[in-house]
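Inspection log for the structure reproduced underneath, given as structure tokens.
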Number of protein chains: 2
Amino acid sequence: MDASEFRRHGHSLVEWIADYLEHSDRYPVLPRVAPGDLTRALPPHPPESAEPFDAVIGDFQRLIVPALTHWNHPGFFGYFAISASPPGVLAEFLSAALNQQAMLWKTSPAATELEGVTLGWLRQLVGLPPSFEGVIYDTASISTLHALAAAREAAIPYVRTQGVRGSSTQSPVRVYCSDQAHSSVDKAVILLGLGHDALCRVKSDERFCMSVAALREAVTRDRAAGVLPIAVVATVGTTSTTSADPVAAIAAVCEAEGLWLHVDAAYAGVAAMMPELRPMFAGWERADSVVINPHKWLFVPFDLSAFYTRRMDVLRQAFALVPEYLRTAEGSAGVPNLMDTGVQLGRRFRALKLWMVLRAYGAEGIRVLLAEHLRLANMFAAWVDVDPRFERLAPTPFSVVCFRAVPPSVPPSDLDVFNERLLDAVNATGEVFLSHTRLNGAVALRLAVGHMRTTETHVARAWELLREKAVGLVGL
Amino acid sequence: MDASEFRRHGHSLVEWIADYLEHSDRYPVLPRVAPGDLTRALPPHPPESAEPFDAVIGDFQRLIVPALTHWNHPGFFGYFAISASPPGVLAEFLSAALNQQAMLWKTSPAATELEGVTLGWLRQLVGLPPSFEGVIYDTASISTLHALAAAREAAIPYVRTQGVRGSSTQSPVRVYCSDQAHSSVDKAVILLGLGHDALCRVKSDERFCMSVAALREAVTRDRAAGVLPIAVVATVGTTSTTSADPVAAIAAVCEAEGLWLHVDAAYAGVAAMMPELRPMFAGWERADSVVINPHKWLFVPFDLSAFYTRRMDVLRQAFALVPEYLRTAEGSAGVPNLMDTGVQLGRRFRALKLWMVLRAYGAEGIRVLLAEHLRLANMFAAWVDVDPRFERLAPTPFSVVCFRAVPPSVPPSDLDVFNERLLDAVNATGEVFLSHTRLNGAVALRLAVGHMRTTETHVARAWELLREKAVGLVGL
């Protein structure tokens, strides 16, 4: 593809993308395809000869687009809704073209230093002190993995050289999180060789927040049994209900017990930009590490996870390893190289999109969007609360509402099935998409507001569909 | 940024990128900035108000571009040269806009199935049998980590639940690779909690290939000492010299000893598309897992690492973990969800660029590019061989030449310093960039051909500069 062809296709894609981002509601949120449909529509063998790019783009539109789940749809209310903001998309376009591999300062001074600068900006916006140094990873799974790797490094002597097995006198270790914490904590303890049994899921209270009394008890019980507590993962904005663990009280336990405190604020962290929500984060400045995902609620295209720690030295101690072919004069002179702070050697230029999004919207513009999402979620929660045929199943501290239908004619034992059918019926319209979870054993529907183009109209339509389909199902 | 503004900036970036990709040789390969320069040029605090995107793009051009290391420069010969091919860049533009999060089939049927299809294509192109199932990760570091996690899962009973420590009867384990293997193997054994001591670096022969006799001896010695061998990482295309371990002989050892065989072909794997090079890979079809990085030598923008395994069930056993909020009807019906094959829950739509690149060039077009890179490297190697003031330090099986200057007037004890200075002098021109390594204790210069726009002119210019600067340094 020569420059003129690149220009022609590039311009045409700019038009297509502009149109797509503006009118993503023309598509059903969930695609109408069955497993295997796309696979069967594509050739099983690779092309021997070059194909005209027009044909590739044609197939993209004819085959790929109909198999997309439209995370850009303003009626996308599943999981945590995200946004490919226009400045973020343009930044990724540039980043792909520049093809930086920022393993060393030398291999991309721009990516290395812009990462430091933009993470400093984000840190200030969410009110974390300057003692927190940041690094960008791809996902919160990887951020939390690094947090617990650092905790392991800090707690187990010689773990880097001798492993978790170490000397036979090494006690088994324990990591704590609430029963609402994300599955990435489970995957991290498994990967780190601590074993899934090393994870203690502390029970949460009726508001789905970690019970600090239960945490204290678990730690005491473990110590008495010869188990070594090493870390606590507190969550602000849990995946099911967005509940916030009492971080300050947990920090006090961690300080008293010498445990690494990691705060998983992957979803909710950016909400610390809102003065009225800042109290939800009280105490996170005492954490050893914090993760915030700008690709979740900061309008940055996937992927970009911001990891902060007050103990970057421990992380470097766990991972720094410089083979000869990666030695540089700058590295020897103490200039930080991103490869030293993680398991991935290769790092793409993710900071560019964070920089462009923060500048294009400004702190003010972002707060306006977040405030609107909070307002929409609370509006929806209020609708649920006043309708006797529905009930809310959790508080709504951020922009996610957990609820279910409770039509008087449906016996309690049938409510799970009823709500599953309701979810399917609503999602089948293609106008909106909600996901589910299970709270205290019951199926709960989740409406997550987070896409930048979602307006009151979309939330109202979701509510209308829910009521309409519920009536229809009751009528059956 | 509304649609019309997106159009305006998008079109202008298409022009900028087209120009940049066509004329990347207008920039010095290595930027002329010192550590901290960019940081100091940027505001320490985030913008409170939105800024016009023109200002952002202006700063991008004024501040970011001069701090880039130009991996797109045709004179980039460092590390492994890579390419942001135009079709790959356009695919990433689309991928950013679509903002797929392919954790579940349901959250992106397109990304999930296109990943399967394109990995099938690549598998056929490199001649691996259909028993190899693939998954896309970000980097080879993560691919190799998953390979060794699966090896650990296969070898240590109950490791998932009880960890590496497990019962007190669990023997210490050992992983083997050559002294030329990549540092990602070290990072993986550390992360997995096996400990760095669990890695045995088997010595390589005079061609930098793993000595199979030494491997056999090490395994026997370990077994005798009560250490449990679990895996071997063989490399085809090592980082320093691109040497290839004798995979077939290593596979025989692994089969006899019941060890997981992982083949790191991150750089060289795509060269298996060339019939004349296929013999270098003999035996890799007997491996348990293989990694090939299309972002290295397949003209796909960073990042995309293709991981293949004949034992995907073991990987799923190690990592599958489905919280309630991610349960789907498709998942329950056995449709594969990408989240089950790794530590990262979030997956971006990387298959799109692999699909577009493979179609835009065709197998034929890719072979032409690879053949040219091989030709250029061999041409350069021949120049080195016939010049008495230079010597080659390793065979050149692929597209990387390891060599050094050996001017008669420089005593052997000064050769390292001389070659370091020569490298600095050549790189300071900004016309080319070479990196270094150390072979048998001596500083070696590396010329890595791999960028798609590199031509004979650029390689010749590198050679000219090397000779010219060497003369200059001798004259001092």
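Chain identifiers are assigned as A, B, and so on, following the order in which chains appear in the structure tokens; residues are numbered from 1 within each chain, and ligands are numbered from 1 in order of appearance.
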task = Tell me, as a list in words, which residues lie within 10 Å of Arg347 (chain B), counting only C-alpha atoms; anything in the same chain fewer than 4 positions away does not count.
result = Asp138, Thr139, Phe302 and Asp303 of chain A; Gln100, Gln101, Ala102, Met103, Leu104, Ser108, Ala111, Thr112, Ile136, Tyr137, Asp138, Leu338, Met339 and Gly342 of chain B
request  = Pick out the residues sitting within 12 Å of Met274 (chain B), and hand them over as a list in words; count only C-alpha atoms, and ignore anything fewer than 6 positions along from it in its own chain.
outcome  =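 The neighbour list is Leu125, Val126, Gly127, Ala268, Met280, Phe281, Ala363, Glu364, Gly365, Ile366, Arg367, Val368, Leu369, Leu370, Ala371, Glu372, Leu374 and Phe398 of chain B.
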Would you tabulate, counting only C-alpha atoms, all residues of region 19-85 of chain A that have an atom at most 10 Å from an atom of region 430-437 of chain A, showing the closest pair of atoms and their distance in Å to one decimal, sorted by chain then ascending number, as a tab-separated table?
```
residue	atom	partner	partner_atom	distance
A:Asp25	CA	A:Glu431	CA	7.6
A:Arg26	CA	A:Glu431	CA	9.0
A:Tyr27	CA	A:Gly430	CA	7.5
A:Pro28	CA	A:Gly430	CA	4.0
A:Val29	CA	A:Gly430	CA	5.1
A:Leu30	CA	A:Gly430	CA	6.0
A:Pro31	CA	A:Gly430	CA	7.9
A:Arg32	CA	A:Gly430	CA	8.7
A:Thr69	CA	A:Phe433	CA	9.7
A:His70	CA	A:Phe433	CA	9.4
A:Trp71	CA	A:Phe433	CA	9.5
A:His73	CA	A:Val432	CA	8.1
A:Pro74	CA	A:Val432	CA	8.0
A:Gly75	CA	A:Val432	CA	4.3
A:Phe76	CA	A:Phe433	CA	5.0
A:Phe77	CA	A:Leu434	CA	4.9
A:Gly78	CA	A:Leu434	CA	4.3
A:Tyr79	CA	A:Ser435	CA	6.0
A:Phe80	CA	A:Ser435	CA	9.3
A:Ala81	CA	A:Leu434	CA	9.8
```
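The residue that comes closest to Gly362 (chain A), out of A:Phe6, A:Trp121, A:Tyr308, A:Phe349 and on the basis of only C-alpha atoms, is A:Trp121.
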inquiry  = Between CA of Ala151 (chain B) and CA of Thr238 (chain B), what distance in Å does the model show, to one decimal?
reply    =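 The value is 21.3 Å.
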ask   = Hey, what's within 8 Å of Ala198 (chain A) if we count only C-alpha atoms and toss same-chain stuff fewer than 6 positions away? As a list in words, please?
value =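 Listing them by chain and then by number gives Pro172, Val173, Arg174, Val175 and Val189 of chain A; Thr161, Gln162 and Gly163 of chain B.
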Export of the given selection (N, CA and C atoms) as a PDB file, in the first residue's frame:
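As written to disk, result-v8.pdb reads:
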```
ATOM      1  N   PRO A 172       3.027 -20.636  54.899  1.00  0.00           N
ATOM      2  CA  PRO A 172       2.088 -20.310  53.828  1.00  0.00           C
ATOM      3  C   PRO A 172       1.610 -18.861  54.027  1.00  0.00           C
ATOM      4  N   VAL A 173       1.271 -18.212  52.921  1.00  0.00           N
ATOM      5  CA  VAL A 173       0.905 -16.796  53.013  1.00  0.00           C
ATOM      6  C   VAL A 173      -0.582 -16.612  52.720  1.00  0.00           C
ATOM      7  N   ARG A 174      -1.087 -15.425  53.065  1.00  0.00           N
ATOM      8  CA  ARG A 174      -2.498 -15.151  52.806  1.00  0.00           C
ATOM      9  C   ARG A 174      -2.673 -13.741  52.259  1.00  0.00           C
ATOM     10  N   VAL A 175      -3.572 -13.639  51.280  1.00  0.00           N
ATOM     11  CA  VAL A 175      -3.984 -12.356  50.704  1.00  0.00           C
ATOM     12  C   VAL A 175      -5.482 -12.232  50.976  1.00  0.00           C
ATOM     13  N   VAL A 189      -3.211 -14.467  42.484  1.00  0.00           N
ATOM     14  CA  VAL A 189      -2.612 -15.371  43.482  1.00  0.00           C
ATOM     15  C   VAL A 189      -2.289 -16.731  42.868  1.00  0.00           C
TER      16      VAL A 189
ATOM     17  N   THR B 161      -4.527 -24.577  43.399  1.00  0.00           N
ATOM     18  CA  THR B 161      -5.128 -24.301  44.704  1.00  0.00           C
ATOM     19  C   THR B 161      -4.087 -24.100  45.795  1.00  0.00           C
ATOM     20  N   GLN B 162      -3.043 -24.943  45.782  1.00  0.00           N
ATOM     21  CA  GLN B 162      -2.113 -24.918  46.917  1.00  0.00           C
ATOM     22  C   GLN B 162      -0.846 -24.109  46.658  1.00  0.00           C
ATOM     23  N   GLY B 163      -0.648 -23.722  45.415  1.00  0.00           N
ATOM     24  CA  GLY B 163       0.537 -22.922  45.118  1.00  0.00           C
ATOM     25  C   GLY B 163       1.775 -23.768  44.937  1.00  0.00           C
TER      26      GLY B 163
END
```
request  = Record the distance separating CA of Arg316 (chain A) and CA of Asp340 (chain A), expressed in Å with one decimal.
outcome  =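 Going from CA of Arg316 (chain A) over to CA of Asp340 (chain A), I get 5.7 Å.
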query = Can you tell me how far CA of Arg40 (chain A) sits from CA of Ala110 (chain B), in Å to one decimal?
reply =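 Computed distance, CA of Arg40 (chain A) to CA of Ala110 (chain B), equals 12.1 Å.
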Please provide as a short mmCIF file (atom, residue, chain, number, x, y, z; two decimals) with C-alpha atoms, in the first residue's frame all residues within 7 Å of region 352-360 of chain A, with the sequence filter that same-chain residues fewer than 5 positions apart are discarded (counting only C-alpha atoms).
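Once everything was written out, this is around.cif:
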```cif
data_model
loop_
_atom_site.label_atom_id
_atom_site.label_comp_id
_atom_site.auth_asym_id
_atom_site.auth_seq_id
_atom_site.Cartn_x
_atom_site.Cartn_y
_atom_site.Cartn_z
CA PRO A 87 -9.59 12.43 20.60
CA GLY A 88 -8.67 9.05 22.05
CA ALA A 91 -4.38 9.39 19.44
CA GLU A 92 -4.45 5.61 18.90
CA THR A 118 0.23 12.22 32.19
CA VAL A 300 -9.77 6.60 26.67
CA PRO B 47 -5.44 21.43 32.13
CA ALA B 50 -10.69 21.91 27.42
CA GLU B 51 -8.05 22.94 24.91
CA PRO B 52 -8.56 23.23 21.16
CA PHE B 53 -7.40 20.05 19.48
CA VAL B 56 -2.81 19.51 21.12
#
```
